[in-house]
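Dumped my_file-v7.cif below, it's mmCIF, C-alpha atoms:
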```cif
data_query
#
loop_
_atom_site.label_atom_id
_atom_site.label_comp_id
_atom_site.auth_asym_id
_atom_site.auth_seq_id
_atom_site.Cartn_x
_atom_site.Cartn_y
_atom_site.Cartn_z
CA MET A 1 -14.86 -19.76 8.16
CA ASN A 2 -12.53 -16.82 8.75
CA PHE A 3 -9.04 -17.10 7.32
CA THR A 4 -7.56 -16.60 10.76
CA ASP A 5 -9.47 -19.61 12.09
CA ALA A 6 -8.73 -21.77 9.09
CA PRO A 7 -6.39 -24.75 9.32
CA SER A 8 -3.74 -25.67 6.76
CA PRO A 9 -3.71 -25.56 3.69
CA TYR A 10 -5.10 -22.03 3.94
CA PHE A 11 -1.98 -20.89 5.77
CA THR A 12 1.52 -21.94 6.52
CA ASP A 13 2.45 -20.51 9.90
CA VAL A 14 6.03 -19.22 10.11
CA PRO A 15 6.01 -17.08 13.24
CA SER A 16 8.16 -13.96 13.26
CA PRO A 17 9.52 -12.71 16.59
CA TYR A 18 9.34 -9.11 15.41
CA PHE A 19 6.12 -7.62 16.73
CA ASN A 20 4.75 -5.88 19.77
CA ASP A 21 1.37 -4.93 21.20
CA ARG A 22 -0.96 -2.50 19.51
CA PRO A 23 -2.04 0.47 21.64
CA GLU A 24 -4.77 -0.54 24.05
CA GLY A 25 -8.19 -0.69 22.43
CA VAL A 26 -6.87 -0.18 18.88
CA GLN A 27 -8.05 -2.48 16.11
CA PRO A 28 -6.82 -2.51 12.51
CA SER A 29 -8.40 0.08 10.24
CA LEU A 30 -5.97 -0.11 7.30
CA VAL A 31 -4.54 -2.82 5.08
CA VAL A 32 -1.13 -1.95 3.62
CA LEU A 33 0.15 -3.87 0.59
CA HIS A 34 3.86 -4.31 -0.13
CA PHE A 35 6.14 -6.09 -2.54
CA THR A 36 9.15 -7.87 -1.15
CA GLY A 37 11.94 -7.07 -3.58
CA GLY A 38 15.10 -8.93 -2.60
CA LYS A 39 16.60 -12.00 -4.20
CA SER A 40 13.79 -14.55 -3.88
CA PHE A 41 10.74 -15.61 -1.91
CA ASP A 42 12.95 -17.55 0.50
CA TYR A 43 15.13 -14.50 1.03
CA ALA A 44 12.02 -12.41 1.79
CA LEU A 45 10.67 -14.99 4.23
CA GLU A 46 13.98 -15.09 6.06
CA THR A 47 14.16 -11.29 6.16
CA LEU A 48 10.70 -11.09 7.71
CA THR A 49 11.34 -13.76 10.33
CA LYS A 50 15.04 -13.44 11.18
CA ALA A 51 17.22 -10.44 11.94
CA ARG A 52 19.47 -9.49 9.03
CA ALA A 53 22.83 -7.76 9.52
CA GLN A 54 23.22 -4.41 7.76
CA GLU A 55 26.34 -2.68 6.47
CA ASP A 56 26.68 -0.61 9.62
CA GLY A 57 26.64 -3.74 11.77
CA SER A 58 23.14 -3.21 13.15
CA LEU A 59 20.41 -5.80 12.85
CA ARG A 60 17.42 -5.09 10.62
CA LYS A 61 14.26 -6.39 12.23
CA VAL A 62 11.14 -6.21 10.07
CA SER A 63 7.97 -8.23 9.75
CA ALA A 64 4.50 -8.33 8.24
CA HIS A 65 1.33 -10.13 9.14
CA TYR A 66 1.22 -12.10 5.89
CA LEU A 67 3.46 -13.04 2.97
CA ILE A 68 2.08 -14.35 -0.34
CA ARG A 69 4.22 -16.55 -2.56
CA GLU A 70 4.07 -16.59 -6.38
CA ASP A 71 1.88 -19.71 -6.37
CA GLY A 72 -0.66 -17.98 -4.12
CA ALA A 73 0.36 -19.76 -0.91
CA ILE A 74 -0.22 -17.55 2.13
CA PHE A 75 2.23 -17.48 5.01
CA ARG A 76 1.07 -16.08 8.35
CA LEU A 77 3.96 -14.45 10.20
CA VAL A 78 2.40 -12.24 12.89
CA ASP A 79 -0.99 -12.55 14.58
CA GLU A 80 -3.37 -9.79 13.48
CA SER A 81 -3.92 -8.73 17.08
CA LYS A 82 -0.25 -7.72 17.26
CA ARG A 83 1.61 -4.81 15.74
CA ALA A 84 3.89 -5.99 12.93
CA TRP A 85 6.85 -3.87 11.83
CA HIS A 86 6.10 -3.37 8.15
CA ALA A 87 5.19 0.28 7.58
CA GLY A 88 8.08 2.17 9.13
CA VAL A 89 8.09 5.96 9.10
CA GLY A 90 5.00 7.22 7.31
CA SER A 91 1.60 8.83 7.63
CA TRP A 92 -1.93 8.36 6.36
CA LYS A 93 -4.87 10.71 6.92
CA GLY A 94 -3.09 12.27 9.89
CA SER A 95 -2.05 9.03 11.55
CA GLY A 96 1.67 9.19 12.28
CA ASP A 97 2.23 5.54 13.21
CA VAL A 98 0.66 3.33 10.59
CA ASN A 99 1.88 0.12 12.22
CA ASP A 100 -0.46 0.81 15.13
CA ILE A 101 -3.58 0.68 12.99
CA SER A 102 -2.74 -1.56 10.05
CA ILE A 103 -2.33 -5.11 8.80
CA GLY A 104 0.64 -5.56 6.48
CA ILE A 105 0.60 -7.95 3.53
CA GLU A 106 3.84 -8.64 1.64
CA ILE A 107 3.59 -10.03 -1.89
CA SER A 108 6.63 -11.80 -3.28
CA ASN A 109 7.70 -9.80 -6.31
CA ARG A 110 10.91 -8.39 -7.72
CA ASP A 111 12.18 -6.67 -10.85
CA ARG A 112 8.63 -5.36 -11.40
CA LYS A 113 7.45 -8.63 -12.88
CA PRO A 114 3.68 -9.04 -13.27
CA TYR A 115 1.96 -10.35 -10.18
CA THR A 116 0.73 -13.87 -10.79
CA PRO A 117 -3.00 -14.65 -11.08
CA GLU A 118 -2.60 -16.92 -8.06
CA GLN A 119 -1.16 -14.06 -6.00
CA LEU A 120 -3.93 -11.69 -7.00
CA ALA A 121 -6.58 -14.27 -6.13
CA ALA A 122 -4.93 -14.87 -2.75
CA VAL A 123 -4.51 -11.21 -1.86
CA THR A 124 -8.12 -10.52 -2.87
CA ALA A 125 -9.50 -13.34 -0.72
CA LEU A 126 -7.29 -12.40 2.21
CA CYS A 127 -8.13 -8.69 2.00
CA HIS A 128 -11.85 -9.39 1.78
CA ASP A 129 -11.67 -11.55 4.86
CA ILE A 130 -9.74 -8.90 6.81
CA GLN A 131 -12.02 -6.11 5.60
CA ASN A 132 -15.15 -8.02 6.62
CA ARG A 133 -13.88 -8.84 10.09
CA TYR A 134 -12.69 -5.32 10.94
CA ASN A 135 -15.16 -3.36 8.81
CA ILE A 136 -12.34 -1.82 6.77
CA PRO A 137 -13.68 0.15 3.78
CA PRO A 138 -12.18 -0.23 0.29
CA GLN A 139 -10.39 3.14 0.41
CA ASN A 140 -8.42 1.93 3.42
CA VAL A 141 -6.65 -0.73 1.39
CA ILE A 142 -3.54 1.16 0.30
CA GLY A 143 0.06 0.70 -0.78
CA HIS A 144 3.29 1.22 1.13
CA SER A 145 4.17 4.04 -1.24
CA ASP A 146 0.93 5.82 -0.32
CA ILE A 147 1.93 6.09 3.33
CA ALA A 148 5.67 6.61 2.79
CA PRO A 149 6.19 8.36 -0.56
CA ASP A 150 9.55 9.80 0.46
CA ARG A 151 11.20 6.38 0.65
CA LYS A 152 9.01 3.59 -0.75
CA ASP A 153 7.54 2.65 -4.12
CA ASP A 154 5.80 -0.65 -3.45
CA PRO A 155 3.61 -2.41 -4.47
CA GLY A 156 4.65 -0.54 -7.62
CA TYR A 157 3.12 0.84 -10.79
CA HIS A 158 2.73 -2.73 -12.05
CA PHE A 159 0.27 -3.59 -9.27
CA PRO A 160 -3.23 -3.71 -10.87
CA TRP A 161 -5.04 -1.28 -8.56
CA ALA A 162 -7.77 -0.55 -11.10
CA LEU A 163 -8.57 -4.25 -11.48
CA LEU A 164 -8.65 -4.90 -7.74
CA ALA A 165 -10.71 -1.77 -7.05
CA LYS A 166 -13.50 -3.52 -8.95
CA GLU A 167 -13.26 -6.23 -6.28
CA GLY A 168 -13.56 -3.76 -3.41
CA MET A 169 -9.85 -3.45 -2.64
CA GLY A 170 -8.88 0.18 -2.91
CA VAL A 171 -10.90 2.70 -4.89
CA MET A 172 -10.46 4.32 -8.28
CA PRO A 173 -12.70 7.42 -8.26
CA GLN A 174 -13.19 8.95 -11.68
CA PRO A 175 -12.79 12.73 -12.06
CA LYS A 176 -15.75 14.86 -12.99
CA LEU A 177 -15.60 17.73 -15.46
CA ARG A 178 -15.33 20.27 -12.62
CA ASP A 179 -12.22 18.52 -11.33
CA TYR A 180 -10.31 19.85 -14.34
CA PHE A 181 -11.15 23.49 -13.54
CA ARG A 182 -7.84 25.34 -13.13
CA ALA A 183 -6.18 21.96 -12.70
CA LYS A 184 -3.19 22.93 -14.82
CA SER A 185 -2.42 26.00 -12.69
CA ILE A 186 -2.71 23.99 -9.47
CA ALA A 187 -0.35 21.37 -10.89
CA ARG A 188 2.24 24.15 -11.19
CA ASN A 189 1.62 25.56 -7.71
CA PRO A 190 3.54 23.52 -5.09
CA LYS A 191 1.68 25.00 -2.12
CA LYS A 192 -1.81 24.34 -3.48
CA LEU A 193 -0.79 20.96 -4.81
CA ARG A 194 0.56 19.91 -1.42
CA GLU A 195 -2.65 21.10 0.27
CA LEU A 196 -4.67 18.96 -2.11
CA PHE A 197 -2.50 15.92 -1.43
CA ASN A 198 -3.01 16.40 2.31
CA LYS A 199 -6.77 16.40 1.77
CA ALA A 200 -6.43 13.06 -0.03
CA GLY A 201 -4.51 11.57 2.93
CA TYR A 202 -0.96 11.92 1.64
CA LYS A 203 1.96 13.52 3.46
CA ALA A 204 5.61 13.74 2.39
CA GLU A 205 8.54 16.11 2.46
CA ASN A 206 9.42 15.56 -1.18
CA LEU A 207 6.59 16.76 -3.42
CA GLU A 208 7.96 15.05 -6.52
CA LYS A 209 8.03 11.68 -4.78
CA MET A 210 4.52 12.22 -3.43
CA VAL A 211 3.27 12.94 -6.94
CA GLY A 212 5.10 9.85 -8.17
CA ALA A 213 3.53 7.64 -5.49
CA PHE A 214 0.07 8.89 -6.41
CA GLN A 215 0.73 8.31 -10.10
CA GLN A 216 1.91 4.76 -9.45
CA HIS A 217 -1.43 4.07 -7.78
CA TYR A 218 -3.83 6.10 -9.94
CA GLU A 219 -1.94 6.89 -13.18
CA PRO A 220 0.34 3.91 -13.83
CA THR A 221 0.52 4.65 -17.56
CA VAL A 222 2.79 7.58 -16.68
CA TYR A 223 5.35 4.87 -15.92
CA THR A 224 4.34 2.14 -18.35
CA ASP A 225 3.44 4.11 -21.47
CA PRO A 226 6.01 6.90 -22.02
CA LYS A 227 4.59 7.84 -25.42
CA HIS A 228 2.17 10.16 -23.61
CA GLY A 229 5.14 12.35 -22.72
CA GLU A 230 4.24 12.58 -19.04
CA LYS A 231 7.16 12.57 -16.61
CA PRO A 232 6.80 10.49 -13.44
CA GLY A 233 6.73 12.73 -10.41
CA THR A 234 5.51 15.77 -12.36
CA ALA A 235 1.86 16.66 -11.77
CA THR A 236 -0.38 17.38 -14.75
CA ALA A 237 -3.96 18.59 -15.02
CA LYS A 238 -4.99 14.95 -15.19
CA THR A 239 -3.11 14.23 -11.95
CA VAL A 240 -4.85 17.11 -10.18
CA ALA A 241 -8.27 16.02 -11.46
CA LYS A 242 -7.73 12.48 -10.19
CA LEU A 243 -6.38 13.81 -6.91
CA ARG A 244 -9.49 15.94 -6.44
CA ALA A 245 -11.67 12.90 -7.09
CA VAL A 246 -9.78 10.83 -4.50
CA ALA A 247 -9.90 13.64 -1.93
CA ARG A 248 -13.65 14.08 -2.48
CA TYR A 249 -14.26 10.34 -2.15
CA ASN A 250 -12.27 10.15 1.09
CA LYS A 251 -14.10 13.12 2.53
CA LYS A 252 -17.49 11.63 1.69
CA HIS A 253 -16.74 8.11 2.88
CA GLY A 254 -14.38 8.85 5.77
#
```

So that I can check it, write out the structure of this file as structure tokens.
Amino acid sequence: MNFTDAPSPYFTDVPSPYFNDRPEGVQPSLVVLHFTGGKSFDYALETLTKARAQEDGSLRKVSAHYLIREDGAIFRLVDESKRAWHAGVGSWKGSGDVNDISIGIEISNRDRKPYTPEQLAAVTALCHDIQNRYNIPPQNVIGHSDIAPDRKDDPGYHFPWALLAKEGMGVMPQPKLRDYFRAKSIARNPKKLRELFNKAGYKAENLEKMVGAFQQHYEPTVYTDPKHGEKPGTATAKTVAKLRAVARYNKKHG
């Protein structure tokens, strides 16, 4: 049984009014993972289903297709056939409107606490179901920070990408020896570094933030283990080697 056809208790339906139609003939080809931030799960659910007033008096209207609570409960907010408003301004592999082509999954998390085992089990099952139904390859399961490095950092360096890549959610290509060739000089060359990021699918105005987003996904120890002396947002030879491996994988697998 597909998740989308499944009755309760697989889902709790809390419909959000914030969606519109996808472009005609377009089906999802990306899954974008987020963390909620905010005060609590209830606060996140309300934010994603009800307009929230901002300081300038305008109403903030955002949504996602799914929201996963700490106990692993899955809340369905927007039908997958519709375009949820979760990605905002961003780009991935040349696509300038990620909402058109993606399914957004919010995971309740704040203060960079570890994701619960129940959440990871739920997001894995949900992603697998979505991937199977739309033929979405592992490399097209990405984070919000991957598509919007200039302004977002979720699902964060504490999200276990390496663990979930073993389950077919995202990829973690390992560099080969040749990937380290002249890697240090490229790390110091903004133009060449930006070109390499573009080949891997990334696009951002701020190079430091783009490097940081990549490191959160592929080099989280830069953030979690400062004894290595690596500065978040500063590319190293290791960063370039990993970036080359990701770019090569994406080129080979589309």

Give me the segment 134-219 of chain A side of the contact with segment 109-121 of chain A, cut-off 8 Å, one line per residue showing its nearest atom pair and distance in Å at one decimal, counting only C-alpha atoms, sorted by chain and residue number, as a tab-separated table.
```
residue	atom	partner	partner_atom	distance
A:Gly156	CA	A:Arg112	CA	7.3
A:His158	CA	A:Arg112	CA	6.5
A:Phe159	CA	A:Tyr115	CA	7.0
```

**Item:** the PyMOL selection byres ((chain A and resi 90-98) around 7) resolved against shown file, as an MDAnalysis selection string
**Value:** chainID A and resid 87:89 99:102 147:148 201:203

**Selection result of the PyMOL selection byres ((chain A and resi 174) around 9) on this file, as a PyMOL selection string** = chain A and resi 172-173+175-176+241-242+245-246

**Request:** May I ask which of the residues A:Glu24, A:Leu48, A:Val31, A:Ser185 is the closest one to Asp129 of chain A, counting only C-alpha atoms?
**Result:** A:Val31

**Message:** Restricting the calculation to only C-alpha atoms: of A:Pro23, A:Pro155, A:Gly38, A:Pro15, which residue gets closest to Val78 of chain A?
**Reply:** A:Pro15

**Asked** Counting all atoms listed in the file, what is within 12 Å of Glu80 of chain A, bar same-chain residues fewer than 2 positions away, as a PyMOL selection string?
**Response** chain A and resi 3-5+15+19-22+26-31+64-66+76-78+82-85+99-105+130+133-134

**Request:** Take the point (-11.2, 0.9, 0.8) in the file's coordinates, draw a sphere of radius 6 Å around it, and report as a count of residues only every protein, DNA or RNA residue with an atom inside or on it, counting all atoms listed in the file.
**Result:** 8

**Message:** Selection in question (the file shown): the PyMOL selection byres ((chain A and resi 210-227) around 7). Which residues does it include, as a PyMOL selection string?
**Reply:** chain A and resi 145-146+149-150+153+156-157+161+204+206-209+228-235

**Request:** Provide the atom CA of Ala122 of chain A to atom CA of Ser81 of chain A distance in Å, to one decimal place.
**Result:** 20.8 Å

**Request:** Calculate how many Å separate atom CA of Ala187 of chain A from atom CA of Leu163 of chain A, rounding to one decimal.
**Result:** 26.9 Å

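In this structure, atom CA of Arg244 of chain A sits 12.6 Å away from atom CA of Lys184 of chain A.
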
Edge lengths and centre in Å, axis-aligned, segment 41-46 of chain A plus 6 Å each side, as JSON:
```
{"center_x": 12.9, "center_y": -15.0, "center_z": 2.1, "size_x": 16.5, "size_y": 17.1, "size_z": 20.0}
```

**Asked** Restricting the calculation to all atoms listed in the file, which member of A:Glu205, A:Glu106, A:Asp154, A:Glu195 is positioned closest to Leu126 of chain A?
**Response**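 Under the stated criterion, the closest residue is A:Glu106.
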
**Message:** Which polymer residues, whether protein, DNA or RNA, lie within 6 Å of the coordinate (8.7, -6.4, -2.2) when you count only C-alpha atoms? List them as a ChimeraX atom specification, using the chain letters and numbers from the file.
**Reply:** /A:34-37,108-109

Please write the residues from the selection above to a file, keeping C-alpha atoms, as an mmCIF file, in the frame of the given file.
```cif
data_model
loop_
_atom_site.group_PDB
_atom_site.id
_atom_site.type_symbol
_atom_site.label_atom_id
_atom_site.label_comp_id
_atom_site.auth_asym_id
_atom_site.auth_seq_id
_atom_site.Cartn_x
_atom_site.Cartn_y
_atom_site.Cartn_z
ATOM 1 C CA HIS A 34 3.860 -4.310 -0.130
ATOM 2 C CA PHE A 35 6.140 -6.090 -2.540
ATOM 3 C CA THR A 36 9.150 -7.870 -1.150
ATOM 4 C CA GLY A 37 11.940 -7.070 -3.580
ATOM 5 C CA SER A 108 6.630 -11.800 -3.280
ATOM 6 C CA ASN A 109 7.700 -9.800 -6.310
#
```

Produce segment 48-99 of chain A of the given structure as output with C-alpha atoms, as a PDB file, in the first residue's frame.
```pdb
ATOM      1  CA  LEU A  48       2.612  25.590   8.168  1.00  0.00           C
ATOM      2  CA  THR A  49      -1.181  25.652   8.218  1.00  0.00           C
ATOM      3  CA  LYS A  50      -2.094  29.186   9.307  1.00  0.00           C
ATOM      4  CA  ALA A  51      -0.835  32.591   8.214  1.00  0.00           C
ATOM      5  CA  ARG A  52       1.518  34.162  10.751  1.00  0.00           C
ATOM      6  CA  ALA A  53       1.906  37.932  11.128  1.00  0.00           C
ATOM      7  CA  GLN A  54       5.423  39.282  10.636  1.00  0.00           C
ATOM      8  CA  GLU A  55       7.075  42.373  12.093  1.00  0.00           C
ATOM      9  CA  ASP A  56       6.291  44.431   9.004  1.00  0.00           C
ATOM     10  CA  GLY A  57       2.600  43.572   9.283  1.00  0.00           C
ATOM     11  CA  SER A  58       2.539  41.188   6.335  1.00  0.00           C
ATOM     12  CA  LEU A  59       1.328  37.617   6.611  1.00  0.00           C
ATOM     13  CA  ARG A  60       3.820  34.783   6.236  1.00  0.00           C
ATOM     14  CA  LYS A  61       2.255  31.926   4.306  1.00  0.00           C
ATOM     15  CA  VAL A  62       4.346  28.768   4.097  1.00  0.00           C
ATOM     16  CA  SER A  63       3.622  25.071   3.866  1.00  0.00           C
ATOM     17  CA  ALA A  64       5.107  21.659   3.209  1.00  0.00           C
ATOM     18  CA  HIS A  65       3.690  18.384   2.031  1.00  0.00           C
ATOM     19  CA  TYR A  66       4.585  16.553   5.243  1.00  0.00           C
ATOM     20  CA  LEU A  67       5.621  17.266   8.824  1.00  0.00           C
ATOM     21  CA  ILE A  68       7.201  14.628  11.074  1.00  0.00           C
ATOM     22  CA  ARG A  69       6.876  14.886  14.841  1.00  0.00           C
ATOM     23  CA  GLU A  70       9.519  13.727  17.342  1.00  0.00           C
ATOM     24  CA  ASP A  71       7.647  10.474  17.978  1.00  0.00           C
ATOM     25  CA  GLY A  72       7.675   9.662  14.260  1.00  0.00           C
ATOM     26  CA  ALA A  73       4.045  10.597  13.605  1.00  0.00           C
ATOM     27  CA  ILE A  74       3.575  11.901  10.062  1.00  0.00           C
ATOM     28  CA  PHE A  75       1.253  14.787   9.316  1.00  0.00           C
ATOM     29  CA  ARG A  76       0.093  15.307   5.734  1.00  0.00           C
ATOM     30  CA  LEU A  77      -0.472  18.996   5.028  1.00  0.00           C
ATOM     31  CA  VAL A  78      -0.559  19.358   1.228  1.00  0.00           C
ATOM     32  CA  ASP A  79      -1.440  16.777  -1.410  1.00  0.00           C
ATOM     33  CA  GLU A  80       1.613  15.673  -3.383  1.00  0.00           C
ATOM     34  CA  SER A  81      -0.057  16.631  -6.648  1.00  0.00           C
ATOM     35  CA  LYS A  82      -0.022  20.267  -5.510  1.00  0.00           C
ATOM     36  CA  ARG A  83       2.809  22.746  -5.194  1.00  0.00           C
ATOM     37  CA  ALA A  84       3.590  23.428  -1.529  1.00  0.00           C
ATOM     38  CA  TRP A  85       5.409  26.601  -0.501  1.00  0.00           C
ATOM     39  CA  HIS A  86       8.431  25.205   1.307  1.00  0.00           C
ATOM     40  CA  ALA A  87      11.529  25.890  -0.786  1.00  0.00           C
ATOM     41  CA  GLY A  88      11.350  29.621  -1.439  1.00  0.00           C
ATOM     42  CA  VAL A  89      14.034  31.303  -3.515  1.00  0.00           C
ATOM     43  CA  GLY A  90      16.625  28.745  -4.554  1.00  0.00           C
ATOM     44  CA  SER A  91      18.042  26.630  -7.337  1.00  0.00           C
ATOM     45  CA  TRP A  92      19.116  23.064  -7.989  1.00  0.00           C
ATOM     46  CA  LYS A  93      20.824  21.740 -11.121  1.00  0.00           C
ATOM     47  CA  GLY A  94      19.587  24.744 -13.090  1.00  0.00           C
ATOM     48  CA  SER A  95      15.998  24.646 -11.885  1.00  0.00           C
ATOM     49  CA  GLY A  96      15.054  28.090 -10.618  1.00  0.00           C
ATOM     50  CA  ASP A  97      11.758  27.191  -8.931  1.00  0.00           C
ATOM     51  CA  VAL A  98      12.261  24.171  -6.738  1.00  0.00           C
ATOM     52  CA  ASN A  99       8.679  24.224  -5.442  1.00  0.00           C
TER      53      ASN A  99
END
```
